[in-house]
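Right, one structure below, let's go through it.
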Amino acid sequence: MSRFAVIDTETTWEDAVMSVGIVIADSDNFNLIDKRYYILTPYKDHGGMYASALYVKGIKPDLEGGRKEAMDDLADFLSDYQTRDMFAYNALFDYRHLPEFKHLAWYDIMKLAAYRQHNLSIPDCAECHGTGRLKRGYGVESIYRMLSRDSQYCELHNALTDAVDELSIMRMLNHEIAKYAVARI
């Protein structure tokens, strides 16, 4: 069985990673297989735009500790599932913040989700650039609402729940995993 990972990070005001959420999914049906959530110390106490979401809805980390410990555990987690493909929404942000994983193949979900030719849920009235990319409203929350038709959906900005939601976006886009070759960074 072929697998891939979807990852999300949240950062402090000083741009240090304070949490990482990751899910492993099946490449054939995009079903979630496993997940991990890391809260990094001491950064969790440094504040950030979404620091209040670290423990939202009672979510507990699989590991709360130093960066090295968390990245070593994350590397083992990826290795256990023989995962070499990493997906993220606006992937350059996460790629830049996780240099430990630059050796993986990274793909940007947004490169399909925000383009009319790849996202059939983009309404005809939506303003797009000549490339087909939406001019505005292409963040996770807007795209999730568009694809799911759930106008009540709100992104929690918790790294784990966001990774799960980004996997859902991939599932709702309904492309085979090979389609994401155009989204490699």
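Chain labels A, B, ... are given in the sequence in which chains occur in the structure tokens; within each chain residues are numbered consecutively from 1, and ligands are likewise numbered from 1 in the order shown.
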**Study point:** Those in stretch 14-175 of chain A with strand (DSSP E) from DSSP, as an MDAnalysis selection string
**Key:** chainID A and resid 17:26 32:40 63:65 85:88 105:108
Practice item. Give me the residues within 9 Å of stretch 8-11 of chain A as a count of residues only, counting only C-alpha atoms and dropping any in the same chain fewer than 5 places off. Key: 31
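Compared by their closest atoms to A:Lys102, and using only C-alpha atoms, the residues A:Tyr37, A:Asp26, A:Pro123, A:Ala75 rank with A:Ala75 nearest.
Minimum atom-to-atom distance to A:Val182, evaluated using only C-alpha atoms, belongs to A:Ile109 out of A:Ile109, A:Val140, A:Val6, A:Leu40.
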Exercise for review: Please measure the separation of atom CA of A:Ile143 and atom CA of A:Ile169, giving the value in Å to one decimal.
Suggested key: 7.6 Å
Exercise for review: For A:His118, work out the shell of residues within 9 Å, counting only C-alpha atoms and skipping chain neighbours fewer than 4 positions away, then give it as a PyMOL selection string.
Suggested key: chain A and resi 111-114+132+173+175
Residue neighbourhood A:Asp34, 9 Å, only C-alpha atoms, exclusion window fewer than 5 positions, as a tab-separated table (two decimals) with N, CA and C atoms, in the first residue's frame:
```tsv
chain	number	residue	atom	x	y	z
A	22	ILE	N	0.55	15.96	11.92
A	22	ILE	CA	0.80	15.18	10.71
A	22	ILE	C	-0.15	13.99	10.66
A	23	VAL	N	-0.61	13.71	9.45
A	23	VAL	CA	-1.44	12.53	9.23
A	23	VAL	C	-0.81	11.70	8.12
A	24	ILE	N	-0.99	10.40	8.22
A	24	ILE	CA	-0.59	9.46	7.17
A	24	ILE	C	-1.87	9.01	6.50
A	25	ALA	N	-1.86	8.99	5.17
A	25	ALA	CA	-3.06	8.61	4.42
A	25	ALA	C	-2.71	7.60	3.33
```
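Proximity to A:Gln82 was assessed for A:Arg184, A:Arg145, A:Arg171, A:Arg3 counting only C-alpha atoms; the smallest distance is recorded for A:Arg3.
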**Study point:** Nearest residue to A:Tyr138 from the set A:Asp150, A:Ser168, A:Asp62, A:Asn90 (distances using only C-alpha atoms)
**Key:**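 Closest to A:Tyr138, using only C-alpha atoms: A:Asn90.
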**Study point:** A:Met71, A:Ile59, A:Met146, A:Leu32 ranked by distance to A:Ala126, top pick (using only C-alpha atoms)
**Key:**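 Looking only at the distances to A:Ala126, the closest residue turns out to be A:Met146.
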A:Gly130 environment, 12 Å, only C-alpha atoms, sequence neighbours closer than 5 positions dropped, as a PDB file with N, CA and C atoms, in the first residue's frame:
```
ATOM      1  N   TYR A 115      -6.824  26.690  -8.069  1.00  0.00           N
ATOM      2  CA  TYR A 115      -6.851  26.889  -9.521  1.00  0.00           C
ATOM      3  C   TYR A 115      -8.116  26.312 -10.145  1.00  0.00           C
ATOM      4  N   ARG A 116      -8.749  27.134 -10.946  1.00  0.00           N
ATOM      5  CA  ARG A 116     -10.011  26.750 -11.600  1.00  0.00           C
ATOM      6  C   ARG A 116      -9.881  25.443 -12.384  1.00  0.00           C
ATOM      7  N   GLN A 117      -8.760  25.226 -13.053  1.00  0.00           N
ATOM      8  CA  GLN A 117      -8.608  24.028 -13.885  1.00  0.00           C
ATOM      9  C   GLN A 117      -8.460  22.755 -13.065  1.00  0.00           C
ATOM     10  N   LYS A 135      -8.027  35.035  -7.249  1.00  0.00           N
ATOM     11  CA  LYS A 135      -7.357  36.268  -6.825  1.00  0.00           C
ATOM     12  C   LYS A 135      -7.413  36.434  -5.311  1.00  0.00           C
TER      13      LYS A 135
END
```
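Of note, atom CA of A:Gly139 and atom CA of A:Tyr81 are spaced 28.9 Å apart.
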**Study point:** A:Asp45, A:Glu141, A:Asp72, A:Glu127 ranked by distance to A:Glu100, top pick (using only C-alpha atoms)
**Key:**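 Using only C-alpha atoms, the shortest distance to A:Glu100 belongs to A:Asp72.
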